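> Below is the file target19.pdb, which contains PDB, C-alpha atoms and all ligand atoms.
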ATOM      1  CA  MET S   1      -8.179 -15.466   7.775
ATOM      2  CA  THR S   2     -10.587 -15.515  10.702
ATOM      3  CA  LEU S   3     -13.796 -17.448  10.239
ATOM      4  CA  SER S   4     -17.071 -16.010  11.489
ATOM      5  CA  ILE S   5     -18.996 -17.980  14.106
ATOM      6  CA  GLY S   6     -21.377 -19.319  11.471
ATOM      7  CA  GLU S   7     -18.510 -20.318   9.205
ATOM      8  CA  ARG S   8     -16.866 -22.208  12.080
ATOM      9  CA  ALA S   9     -20.051 -24.244  12.598
ATOM     10  CA  GLU S  10     -20.390 -24.926   8.869
ATOM     11  CA  ALA S  11     -16.696 -25.890   8.662
ATOM     12  CA  LEU S  12     -17.339 -28.491  11.368
ATOM     13  CA  ILE S  13     -20.153 -29.982   9.254
ATOM     14  CA  ALA S  14     -17.910 -29.985   6.169
ATOM     15  CA  GLU S  15     -15.042 -31.657   8.098
ATOM     16  CA  LEU S  16     -17.402 -34.427   9.166
ATOM     17  CA  GLY S  17     -18.281 -35.033   5.506
ATOM     18  CA  ILE S  18     -21.990 -34.492   6.141
ATOM     19  CA  SER S  19     -23.799 -34.202   2.832
ATOM     20  CA  SER S  20     -27.511 -34.573   3.627
ATOM     21  CA  PRO S  21     -29.893 -33.343   6.362
ATOM     22  CA  SER S  22     -30.431 -36.919   7.608
ATOM     23  CA  GLU S  23     -26.735 -37.098   8.514
ATOM     24  CA  LEU S  24     -27.022 -34.115  10.875
ATOM     25  CA  ASP S  25     -27.018 -36.366  13.934
ATOM     26  CA  ILE S  26     -26.429 -33.842  16.692
ATOM     27  CA  GLU S  27     -25.358 -36.423  19.322
ATOM     28  CA  ALA S  28     -22.765 -37.840  16.905
ATOM     29  CA  ILE S  29     -21.519 -34.337  16.100
ATOM     30  CA  ALA S  30     -21.267 -33.641  19.851
ATOM     31  CA  PHE S  31     -19.441 -36.937  20.424
ATOM     32  CA  ASP S  32     -16.929 -35.957  17.769
ATOM     33  CA  SER S  33     -16.291 -32.737  19.739
ATOM     34  CA  GLN S  34     -15.865 -34.853  22.912
ATOM     35  CA  VAL S  35     -19.134 -33.629  24.368
ATOM     36  CA  GLU S  36     -21.411 -36.202  25.965
ATOM     37  CA  VAL S  37     -25.133 -35.395  25.758
ATOM     38  CA  VAL S  38     -27.330 -36.334  28.715
ATOM     39  CA  TYR S  39     -31.109 -35.823  28.921
ATOM     40  CA  GLU S  40     -32.217 -35.032  32.438
ATOM     41  CA  LYS S  41     -35.084 -33.091  34.003
ATOM     42  CA  MET S  42     -33.845 -29.748  35.375
ATOM     43  CA  SER S  43     -35.624 -26.755  36.828
ATOM     44  CA  GLY S  44     -34.645 -23.167  36.094
ATOM     45  CA  CYS S  45     -32.775 -23.857  32.873
ATOM     46  CA  GLU S  46     -33.112 -25.721  29.599
ATOM     47  CA  ALA S  47     -29.535 -26.854  29.118
ATOM     48  CA  THR S  48     -26.178 -26.802  30.868
ATOM     49  CA  LEU S  49     -22.600 -27.290  29.790
ATOM     50  CA  VAL S  50     -19.902 -28.411  32.178
ATOM     51  CA  GLY S  51     -16.436 -28.840  30.739
ATOM     52  CA  PHE S  52     -13.298 -30.385  32.167
ATOM     53  CA  ARG S  53     -10.051 -30.158  30.186
ATOM     54  CA  ASP S  54     -10.912 -31.360  26.658
ATOM     55  CA  ARG S  55     -14.222 -33.023  27.512
ATOM     56  CA  ALA S  56     -17.662 -31.755  28.437
ATOM     57  CA  ILE S  57     -21.107 -32.903  29.400
ATOM     58  CA  ALA S  58     -24.127 -31.136  27.941
ATOM     59  CA  THR S  59     -27.277 -31.768  29.963
ATOM     60  CA  ILE S  60     -30.544 -31.108  28.174
ATOM     61  CA  ASN S  61     -33.976 -30.737  29.741
ATOM     62  CA  PRO S  62     -36.196 -33.157  27.787
ATOM     63  CA  SER S  63     -38.976 -31.091  26.191
ATOM     64  CA  GLY S  64     -40.522 -33.781  24.026
ATOM     65  CA  VAL S  65     -40.043 -31.480  21.047
ATOM     66  CA  ARG S  66     -37.103 -32.888  19.140
ATOM     67  CA  GLY S  67     -36.321 -29.696  17.208
ATOM     68  CA  ARG S  68     -35.959 -27.729  20.432
ATOM     69  CA  GLU S  69     -33.829 -30.392  22.106
ATOM     70  CA  ARG S  70     -31.536 -30.507  19.092
ATOM     71  CA  PHE S  71     -31.217 -26.729  19.146
ATOM     72  CA  SER S  72     -30.263 -26.863  22.830
ATOM     73  CA  VAL S  73     -27.531 -29.449  22.131
ATOM     74  CA  ALA S  74     -26.213 -27.371  19.224
ATOM     75  CA  HIS S  75     -26.316 -24.241  21.408
ATOM     76  CA  GLU S  76     -24.211 -25.924  24.110
ATOM     77  CA  LEU S  77     -21.811 -27.149  21.407
ATOM     78  CA  GLY S  78     -21.532 -23.488  20.418
ATOM     79  CA  HIS S  79     -20.483 -22.577  23.960
ATOM     80  CA  TRP S  80     -18.002 -25.456  23.909
ATOM     81  CA  HIS S  81     -16.371 -24.359  20.661
ATOM     82  CA  LEU S  82     -16.563 -20.609  21.251
ATOM     83  CA  HIS S  83     -16.379 -20.042  25.015
ATOM     84  CA  ARG S  84     -14.264 -22.875  26.353
ATOM     85  CA  GLY S  85     -13.250 -22.724  29.994
ATOM     86  CA  ARG S  86     -16.642 -21.568  31.219
ATOM     87  CA  SER S  87     -19.731 -23.401  32.401
ATOM     88  CA  PHE S  88     -23.194 -22.435  31.230
ATOM     89  CA  ALA S  89     -26.764 -22.802  32.415
ATOM     90  CA  CYS S  90     -28.973 -21.673  29.543
ATOM     91  CA  ARG S  91     -32.642 -20.882  29.428
ATOM     92  CA  VAL S  92     -32.769 -20.960  25.670
ATOM     93  CA  ASP S  93     -34.565 -23.668  23.761
ATOM     94  CA  ASP S  94     -35.531 -21.600  20.756
ATOM     95  CA  PRO S  95     -33.603 -18.811  19.036
ATOM     96  CA  SER S  96     -36.444 -16.315  19.266
ATOM     97  CA  ALA S  97     -36.010 -16.354  23.056
ATOM     98  CA  ASN S  98     -32.680 -14.584  22.692
ATOM     99  CA  LEU S  99     -33.759 -11.975  20.180
ATOM    100  CA  ALA S 100     -34.757  -9.501  22.836
ATOM    101  CA  SER S 101     -31.662 -10.165  24.875
ATOM    102  CA  ASP S 102     -28.229  -8.690  24.461
ATOM    103  CA  ARG S 103     -26.458 -11.480  26.230
ATOM    104  CA  HIS S 104     -23.479 -11.707  23.970
ATOM    105  CA  PHE S 105     -22.461 -15.331  24.611
ATOM    106  CA  GLU S 106     -26.047 -16.563  24.251
ATOM    107  CA  LYS S 107     -26.443 -14.898  20.859
ATOM    108  CA  GLU S 108     -23.117 -16.320  19.701
ATOM    109  CA  ALA S 109     -24.150 -19.830  20.780
ATOM    110  CA  ASP S 110     -27.477 -19.395  18.928
ATOM    111  CA  THR S 111     -25.664 -18.300  15.772
ATOM    112  CA  PHE S 112     -23.394 -21.332  15.996
ATOM    113  CA  ALA S 113     -26.393 -23.629  16.579
ATOM    114  CA  SER S 114     -28.429 -22.334  13.635
ATOM    115  CA  HIS S 115     -25.472 -22.750  11.273
ATOM    116  CA  LEU S 116     -24.693 -26.213  12.621
ATOM    117  CA  LEU S 117     -28.266 -27.523  12.258
ATOM    118  CA  LEU S 118     -29.077 -25.613   9.056
ATOM    119  CA  PRO S 119     -25.731 -25.268   7.243
ATOM    120  CA  ARG S 120     -25.912 -23.167   4.080
ATOM    121  CA  MET S 121     -24.614 -25.930   1.801
ATOM    122  CA  LEU S 122     -27.614 -28.134   2.683
ATOM    123  CA  PHE S 123     -30.206 -25.501   3.619
ATOM    124  CA  ASN S 124     -29.915 -23.191   0.584
ATOM    125  CA  PRO S 125     -30.656 -25.942  -1.977
ATOM    126  CA  ALA S 126     -33.653 -27.059   0.126
ATOM    127  CA  VAL S 127     -35.000 -23.492   0.081
ATOM    128  CA  ALA S 128     -34.220 -22.949  -3.613
ATOM    129  CA  ALA S 129     -36.341 -25.996  -4.496
ATOM    130  CA  TYR S 130     -39.397 -24.012  -3.335
ATOM    131  CA  GLY S 131     -38.546 -20.558  -4.694
ATOM    132  CA  ALA S 132     -40.009 -18.384  -1.949
ATOM    133  CA  PRO S 133     -41.224 -21.001   0.550
ATOM    134  CA  THR S 134     -44.587 -20.741   2.311
ATOM    135  CA  PHE S 135     -44.926 -21.718   5.973
ATOM    136  CA  GLN S 136     -46.121 -25.160   4.825
ATOM    137  CA  GLN S 137     -42.890 -25.547   2.845
ATOM    138  CA  ILE S 138     -40.769 -24.130   5.687
ATOM    139  CA  THR S 139     -42.425 -26.742   7.917
ATOM    140  CA  ARG S 140     -41.393 -29.440   5.434
ATOM    141  CA  ILE S 141     -37.804 -28.151   5.502
ATOM    142  CA  ALA S 142     -37.950 -28.016   9.322
ATOM    143  CA  ASN S 143     -39.119 -31.647   9.422
ATOM    144  CA  GLU S 144     -36.342 -32.683   7.077
ATOM    145  CA  PHE S 145     -33.684 -30.970   9.234
ATOM    146  CA  GLU S 146     -35.436 -31.762  12.550
ATOM    147  CA  THR S 147     -35.457 -28.117  13.590
ATOM    148  CA  SER S 148     -38.235 -25.914  14.937
ATOM    149  CA  ILE S 149     -40.287 -23.840  12.493
ATOM    150  CA  THR S 150     -39.084 -20.624  14.168
ATOM    151  CA  ALA S 151     -35.405 -21.613  13.894
ATOM    152  CA  THR S 152     -35.915 -22.601  10.255
ATOM    153  CA  ALA S 153     -37.725 -19.361   9.385
ATOM    154  CA  LEU S 154     -35.005 -17.318  11.101
ATOM    155  CA  ARG S 155     -32.362 -19.197   9.143
ATOM    156  CA  LEU S 156     -34.227 -18.256   5.946
ATOM    157  CA  VAL S 157     -33.637 -14.640   6.990
ATOM    158  CA  SER S 158     -29.994 -15.075   7.925
ATOM    159  CA  VAL S 159     -28.905 -16.802   4.694
ATOM    160  CA  ASN S 160     -30.151 -13.632   2.922
ATOM    161  CA  THR S 161     -31.044 -15.307  -0.382
ATOM    162  CA  LEU S 162     -34.611 -13.916  -0.437
ATOM    163  CA  PRO S 163     -36.188 -10.507   0.419
ATOM    164  CA  VAL S 164     -37.891 -11.855   3.515
ATOM    165  CA  ILE S 165     -38.797 -10.557   6.963
ATOM    166  CA  VAL S 166     -39.762 -12.920   9.785
ATOM    167  CA  ALA S 167     -41.593 -11.290  12.659
ATOM    168  CA  CYS S 168     -43.618 -12.139  15.728
ATOM    169  CA  TYR S 169     -46.677 -10.082  16.633
ATOM    170  CA  ASP S 170     -49.390 -10.500  19.206
ATOM    171  CA  ARG S 171     -52.594  -8.528  19.827
ATOM    172  CA  LYS S 172     -50.572  -5.844  21.620
ATOM    173  CA  GLY S 173     -48.152  -5.393  18.746
ATOM    174  CA  LYS S 174     -44.705  -6.305  17.546
ATOM    175  CA  ARG S 175     -42.566  -8.579  19.697
ATOM    176  CA  TRP S 176     -39.649  -8.785  17.298
ATOM    177  CA  ALA S 177     -38.864  -8.651  13.590
ATOM    178  CA  ILE S 178     -35.766  -9.719  11.674
ATOM    179  CA  PRO S 179     -35.235  -8.608   8.061
ATOM    180  CA  ALA S 180     -32.832 -10.253   5.619
ATOM    181  CA  ALA S 181     -29.640  -8.190   5.366
ATOM    182  CA  ASP S 182     -30.365  -6.972   1.815
ATOM    183  CA  ILE S 183     -33.740  -5.434   2.629
ATOM    184  CA  PRO S 184     -33.357  -1.640   2.440
ATOM    185  CA  ARG S 185     -33.370  -0.006   5.851
ATOM    186  CA  ARG S 186     -35.856   2.600   4.629
ATOM    187  CA  TRP S 187     -38.724   0.161   5.250
ATOM    188  CA  VAL S 188     -40.048   0.541   8.771
ATOM    189  CA  LEU S 189     -42.556  -2.011  10.057
ATOM    190  CA  LYS S 190     -45.625  -0.868  11.945
ATOM    191  CA  ASP S 191     -45.656  -1.475  15.682
ATOM    192  CA  LYS S 192     -49.284  -2.705  15.678
ATOM    193  CA  VAL S 193     -50.931  -5.361  13.551
ATOM    194  CA  ASP S 194     -53.017  -3.610  10.876
ATOM    195  CA  GLU S 195     -56.635  -4.741  10.791
ATOM    196  CA  ASP S 196     -56.383  -5.320   7.033
ATOM    197  CA  SER S 197     -53.694  -7.968   7.528
ATOM    198  CA  TYR S 198     -54.226 -11.720   7.533
ATOM    199  CA  THR S 199     -52.287 -11.768  10.802
ATOM    200  CA  PHE S 200     -54.975  -9.569  12.402
ATOM    201  CA  ASP S 201     -57.661 -12.053  11.309
ATOM    202  CA  MET S 202     -55.693 -14.932  12.762
ATOM    203  CA  LEU S 203     -54.953 -13.199  16.083
ATOM    204  CA  HIS S 204     -58.513 -11.942  16.565
ATOM    205  CA  SER S 205     -60.709 -14.605  15.005
ATOM    206  CA  GLY S 206     -58.415 -17.611  14.660
ATOM    207  CA  LYS S 207     -58.732 -17.587  10.877
ATOM    208  CA  GLU S 208     -55.912 -19.578   9.318
ATOM    209  CA  CYS S 209     -53.624 -18.187   6.656
ATOM    210  CA  ALA S 210     -53.518 -20.957   4.046
ATOM    211  CA  GLY S 211     -50.769 -19.532   1.856
ATOM    212  CA  LEU S 212     -48.788 -16.462   0.880
ATOM    213  CA  PHE S 213     -51.179 -13.689  -0.155
ATOM    214  CA  LYS S 214     -50.547 -10.334  -1.783
ATOM    215  CA  GLN S 215     -51.064  -7.211   0.287
ATOM    216  CA  PRO S 216     -50.466  -3.500  -0.289
ATOM    217  CA  ALA S 217     -47.229  -2.770   1.589
ATOM    218  CA  ASP S 218     -48.892  -0.061   3.716
ATOM    219  CA  VAL S 219     -50.684  -2.812   5.632
ATOM    220  CA  TRP S 220     -47.284  -3.630   7.161
ATOM    221  CA  PHE S 221     -45.060  -0.588   6.726
ATOM    222  CA  GLN S 222     -45.401   2.893   8.191
ATOM    223  CA  ASN S 223     -43.616   4.614   5.257
ATOM    224  CA  ASN S 224     -45.770   7.264   3.569
ATOM    225  CA  ASP S 225     -45.257   5.764   0.119
ATOM    226  CA  ALA S 226     -45.817   2.128   1.159
ATOM    227  CA  GLY S 227     -49.252   2.034  -0.521
ATOM    228  CA  LYS S 228     -47.537   2.140  -3.916
ATOM    229  CA  TYR S 229     -45.877  -1.226  -3.301
ATOM    230  CA  GLU S 230     -46.902  -4.828  -2.768
ATOM    231  CA  LEU S 231     -45.705  -7.681  -0.626
ATOM    232  CA  ARG S 232     -46.817 -11.195   0.237
ATOM    233  CA  GLU S 233     -47.883 -12.180   3.742
ATOM    234  CA  GLN S 234     -48.470 -15.429   5.583
ATOM    235  CA  CYS S 235     -48.816 -16.169   9.292
ATOM    236  CA  ILE S 236     -49.056 -19.167  11.609
ATOM    237  CA  PRO S 237     -49.655 -19.375  15.350
ATOM    238  CA  SER S 238     -46.363 -19.197  17.280
ATOM    239  CA  PHE S 239     -45.754 -21.698  20.062
ATOM    240  CA  ASP S 240     -46.140 -18.949  22.687
ATOM    241  CA  GLY S 241     -49.541 -17.623  21.661
ATOM    242  CA  GLY S 242     -48.622 -14.960  19.105
ATOM    243  CA  ALA S 243     -48.348 -14.982  15.335
ATOM    244  CA  LEU S 244     -45.227 -15.876  13.421
ATOM    245  CA  VAL S 245     -45.311 -13.712  10.299
ATOM    246  CA  LEU S 246     -43.579 -14.208   6.956
ATOM    247  CA  LEU S 247     -43.321 -11.215   4.606
ATOM    248  CA  TYR S 248     -41.756 -11.316   1.137
ATOM    249  CA  LEU S 249     -41.124  -7.898  -0.377
ATOM    250  CA  GLU S 250     -41.771  -7.555  -4.115
ATOM    251  CA  SER S 251     -38.760  -6.411  -6.114
ATOM    252  CA  PRO S 252     -39.787  -2.704  -6.544
ATOM    253  CA  MET S 253     -39.543  -2.401  -2.747
ATOM    254  CA  LEU S 254     -35.912  -3.470  -2.929
ATOM    255  CA  SER S 255     -34.930  -0.770  -5.377
ATOM    256  CA  ALA S 256     -37.042   2.008  -3.804
ATOM    257  CA  GLY S 257     -34.905   5.021  -2.945
ATOM    258  CA  PHE S 258     -34.474   6.577   0.444
ATOM    259  CA  ASP S 259     -37.713   7.869   1.920
ATOM    260  CA  TRP S 260     -37.217  11.219   3.681
ATOM    261  CA  ASN S 261     -40.748  11.241   5.022
ATOM    262  CA  VAL S 262     -40.468   8.143   7.117
ATOM    263  CA  ASN S 263     -40.571   8.601  10.868
ATOM    264  CA  ARG S 264     -37.208   7.046  11.497
ATOM    265  CA  ARG S 265     -34.133   7.773   9.489
ATOM    266  CA  TYR S 266     -30.839   6.046   9.015
ATOM    267  CA  ASN S 267     -27.632   7.259   7.427
ATOM    268  CA  GLU S 268     -25.737   5.219   4.838
ATOM    269  CA  HIS S 269     -24.017   3.290   7.634
ATOM    270  CA  GLY S 270     -27.343   2.223   9.092
ATOM    271  CA  SER S 271     -27.118   4.548  12.110
ATOM    272  CA  TYR S 272     -30.174   6.361  13.418
ATOM    273  CA  VAL S 273     -30.307  10.009  12.394
ATOM    274  CA  THR S 274     -32.507  12.420  14.358
ATOM    275  CA  ARG S 275     -35.006  14.639  12.554
ATOM    276  CA  ARG S 276     -33.132  17.728  13.748
ATOM    277  CA  SER S 277     -29.791  16.657  12.246
ATOM    278  CA  THR S 278     -31.313  15.984   8.831
ATOM    279  CA  ALA S 279     -33.310  19.238   8.621
ATOM    280  CA  ARG S 280     -31.840  21.853   6.281
TER     281      ARG S 280
HETATM  282 ZN    ZN H   1     -26.245 -20.606  26.387
END
As structure tokens, please, write out the structure in this file.
Ligand SMILES: [Zn+2]


Amino acid sequence: MTLSIGERAEALIAELGISSPSELDIEAIAFDSQVEVVYEKMSGCEATLVGFRDRAIATINPSGVRGRERFSVAHELGHWHLHRGRSFACRVDDPSANLASDRHFEKEADTFASHLLLPRMLFNPAVAAYGAPTFQQITRIANEFETSITATALRLVSVNTLPVIVACYDRKGKRWAIPAADIPRRWVLKDKVDEDSYTFDMLHSGKECAGLFKQPADVWFQNNDAGKYELREQCIPSFDGGALVLLYLESPMLSAGFDWNVNRRYNEHGSYVTRRSTAR
């Protein structure tokens, strides 16, 4: 049986007998993998990994933000466990930085890092305690695990226990969006922030979004029938000047059938289907 990258990271946590978030001491975990962690000012990259035989040194650019530093250490540990024999100079200090990139090794190291710092066996119970957590509650979980809010929100998506989409928008439109795996592919997010959304109010007039609020789904989705459905929306400012958006789809959206009127179409394998090939 071959373990996935995430399972390998979680297996490492299980082997170390870690049973609470406070025991996720990333330097100690690194030490156990024979990786020494050094904090040193660098220009041009956030973290490096230099290995020699069965030992390595991970050098981390001190950012003053503990969650980001910890993610960098965990990312380099990912390279060490997954890509041994190479050296790395990484720009990443937050997983959202790699979303737009297709650099294979960087994505793998991010996957390893998010599973190492937010392993399912500790993270899922923390989430379940809140039901569908708001950003305030995600922030509490992030503080408990010493991770960034973005990394924690993205982990909420990847564990796929809730019908959630985490996205980043700015005044120009969508930067990225990640849906939980079980969200039907029929739902297509709008490219621009709708002026009826709370996110629009925050981006244009700085109005805070105090909690999760109900919205008609056509505020967020371009599907013709979206107005018949509801979702819940919350947003917070992202560290790079945009809006980090949390959307929970109500259950009718999850059982909605395929929508032939949507602009983009996917076959049952999730592949894009052109309008011409579906016309009969
Ligand atoms: Zn890297």

> Can I get the residues close to ligand ZN 1 (chain H) as a ChimeraX atom specification, where close means within 7 Å and we count only C-alpha atoms and all ligand atoms?

/S:75-76,79,88-90,92,105-106,109

> Carefully work through the PyMOL selection byres (((chain S and resi 210-227) around 10) and not hetatm) for this structure and note down the residues it includes, as a PyMOL selection string.

chain S and resi 132-137+186-198+207-209+228-236+246-250+253+256+259-264

> Quick one: residues within 12 Å of S:Glu146, all atoms listed in the file, excluding same-chain residues fewer than 4 positions away - as a PDB file with C-alpha atoms, in the coordinates of the input?


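Below is the file selection.pdb, written as the result:
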ATOM      1  CA  PRO S  21     -29.893 -33.343   6.362  1.00  0.00           C
ATOM      2  CA  SER S  22     -30.431 -36.919   7.608  1.00  0.00           C
ATOM      3  CA  GLU S  23     -26.735 -37.098   8.514  1.00  0.00           C
ATOM      4  CA  LEU S  24     -27.022 -34.115  10.875  1.00  0.00           C
ATOM      5  CA  ASP S  25     -27.018 -36.366  13.934  1.00  0.00           C
ATOM      6  CA  ILE S  26     -26.429 -33.842  16.692  1.00  0.00           C
ATOM      7  CA  VAL S  65     -40.043 -31.480  21.047  1.00  0.00           C
ATOM      8  CA  ARG S  66     -37.103 -32.888  19.140  1.00  0.00           C
ATOM      9  CA  GLY S  67     -36.321 -29.696  17.208  1.00  0.00           C
ATOM     10  CA  ARG S  68     -35.959 -27.729  20.432  1.00  0.00           C
ATOM     11  CA  GLU S  69     -33.829 -30.392  22.106  1.00  0.00           C
ATOM     12  CA  ARG S  70     -31.536 -30.507  19.092  1.00  0.00           C
ATOM     13  CA  PHE S  71     -31.217 -26.729  19.146  1.00  0.00           C
ATOM     14  CA  SER S 114     -28.429 -22.334  13.635  1.00  0.00           C
ATOM     15  CA  LEU S 117     -28.266 -27.523  12.258  1.00  0.00           C
ATOM     16  CA  LEU S 118     -29.077 -25.613   9.056  1.00  0.00           C
ATOM     17  CA  ILE S 138     -40.769 -24.130   5.687  1.00  0.00           C
ATOM     18  CA  THR S 139     -42.425 -26.742   7.917  1.00  0.00           C
ATOM     19  CA  ARG S 140     -41.393 -29.440   5.434  1.00  0.00           C
ATOM     20  CA  ILE S 141     -37.804 -28.151   5.502  1.00  0.00           C
ATOM     21  CA  ALA S 142     -37.950 -28.016   9.322  1.00  0.00           C
ATOM     22  CA  THR S 150     -39.084 -20.624  14.168  1.00  0.00           C
ATOM     23  CA  ALA S 151     -35.405 -21.613  13.894  1.00  0.00           C
ATOM     24  CA  THR S 152     -35.915 -22.601  10.255  1.00  0.00           C
TER      25      THR S 152
END

> Would you compute, for all listed atoms of stretch 2-13 of chain S, the axis-aligned bounding box grown by 3 Å on each side, and then report its centre and edge lengths in Å rounded to one decimal, as lines of an AutoDock Vina configuration file?


center_x = -16.0
center_y = -22.7
center_z = 11.4
size_x = 16.8
size_y = 20.5
size_z = 11.4

> Could you spell out the hits of the PyMOL selection byres (((chain S and resi 10) around 12) and not hetatm) on the shown file, as a PyMOL selection string?

chain S and resi 3-9+11-19+24+29+78+111-123

> Between S:Gly257, S:Gly51, S:Gly64, S:Pro125, single out the one closest to S:Gln34, counting only C-alpha atoms.

S:Gly51

> Assuming the input is short of atoms at stretch 10-27 of chain S, produce N, CA, C and O atoms for that part as a short mmCIF file (atom, residue, chain, number, x, y, z; two decimals), in the frame of the given file.


data_model
loop_
_atom_site.label_atom_id
_atom_site.label_comp_id
_atom_site.auth_asym_id
_atom_site.auth_seq_id
_atom_site.Cartn_x
_atom_site.Cartn_y
_atom_site.Cartn_z
N GLU S 10 -20.25 -24.27 10.17
CA GLU S 10 -20.39 -24.93 8.87
C GLU S 10 -19.12 -25.69 8.49
O GLU S 10 -19.19 -26.75 7.85
N ALA S 11 -17.97 -25.19 8.92
CA ALA S 11 -16.70 -25.89 8.66
C ALA S 11 -16.68 -27.24 9.38
O ALA S 11 -16.19 -28.24 8.86
N LEU S 12 -17.26 -27.24 10.59
CA LEU S 12 -17.34 -28.49 11.37
C LEU S 12 -18.18 -29.53 10.61
O LEU S 12 -17.80 -30.71 10.52
N ILE S 13 -19.29 -29.09 10.03
CA ILE S 13 -20.15 -29.98 9.25
C ILE S 13 -19.41 -30.49 8.02
O ILE S 13 -19.46 -31.68 7.69
N ALA S 14 -18.67 -29.60 7.36
CA ALA S 14 -17.91 -29.98 6.17
C ALA S 14 -16.81 -30.99 6.54
O ALA S 14 -16.61 -31.98 5.83
N GLU S 15 -16.11 -30.74 7.66
CA GLU S 15 -15.04 -31.66 8.10
C GLU S 15 -15.57 -33.06 8.37
O GLU S 15 -14.88 -34.05 8.16
N LEU S 16 -16.81 -33.12 8.85
CA LEU S 16 -17.40 -34.43 9.17
C LEU S 16 -17.93 -35.12 7.91
O LEU S 16 -18.40 -36.25 7.98
N GLY S 17 -17.85 -34.44 6.78
CA GLY S 17 -18.28 -35.03 5.51
C GLY S 17 -19.79 -35.20 5.40
O GLY S 17 -20.28 -36.04 4.65
N ILE S 18 -20.52 -34.38 6.16
CA ILE S 18 -21.99 -34.49 6.14
C ILE S 18 -22.53 -33.88 4.85
O ILE S 18 -22.20 -32.75 4.50
N SER S 19 -23.35 -34.68 4.14
CA SER S 19 -23.80 -34.20 2.83
C SER S 19 -25.31 -34.26 2.67
O SER S 19 -25.83 -34.00 1.58
N SER S 20 -26.05 -34.62 3.72
CA SER S 20 -27.51 -34.57 3.63
C SER S 20 -28.08 -34.28 5.01
O SER S 20 -27.45 -34.58 6.03
N PRO S 21 -29.30 -33.69 5.06
CA PRO S 21 -29.89 -33.34 6.36
C PRO S 21 -30.01 -34.55 7.30
O PRO S 21 -29.85 -34.40 8.51
N SER S 22 -30.24 -35.75 6.74
CA SER S 22 -30.43 -36.92 7.61
C SER S 22 -29.13 -37.31 8.33
O SER S 22 -29.17 -38.04 9.31
N GLU S 23 -28.02 -36.80 7.85
CA GLU S 23 -26.74 -37.10 8.51
C GLU S 23 -26.41 -36.11 9.63
O GLU S 23 -25.37 -36.24 10.28
N LEU S 24 -27.27 -35.11 9.83
CA LEU S 24 -27.02 -34.12 10.88
C LEU S 24 -27.45 -34.67 12.23
O LEU S 24 -28.38 -34.18 12.86
N ASP S 25 -26.74 -35.71 12.65
CA ASP S 25 -27.02 -36.37 13.93
C ASP S 25 -26.29 -35.59 15.03
O ASP S 25 -25.07 -35.68 15.16
N ILE S 26 -27.05 -34.81 15.79
CA ILE S 26 -26.43 -33.84 16.69
C ILE S 26 -25.63 -34.53 17.82
O ILE S 26 -24.59 -34.03 18.24
N GLU S 27 -26.12 -35.70 18.28
CA GLU S 27 -25.36 -36.42 19.32
C GLU S 27 -24.02 -36.91 18.77
O GLU S 27 -23.01 -36.87 19.46
#
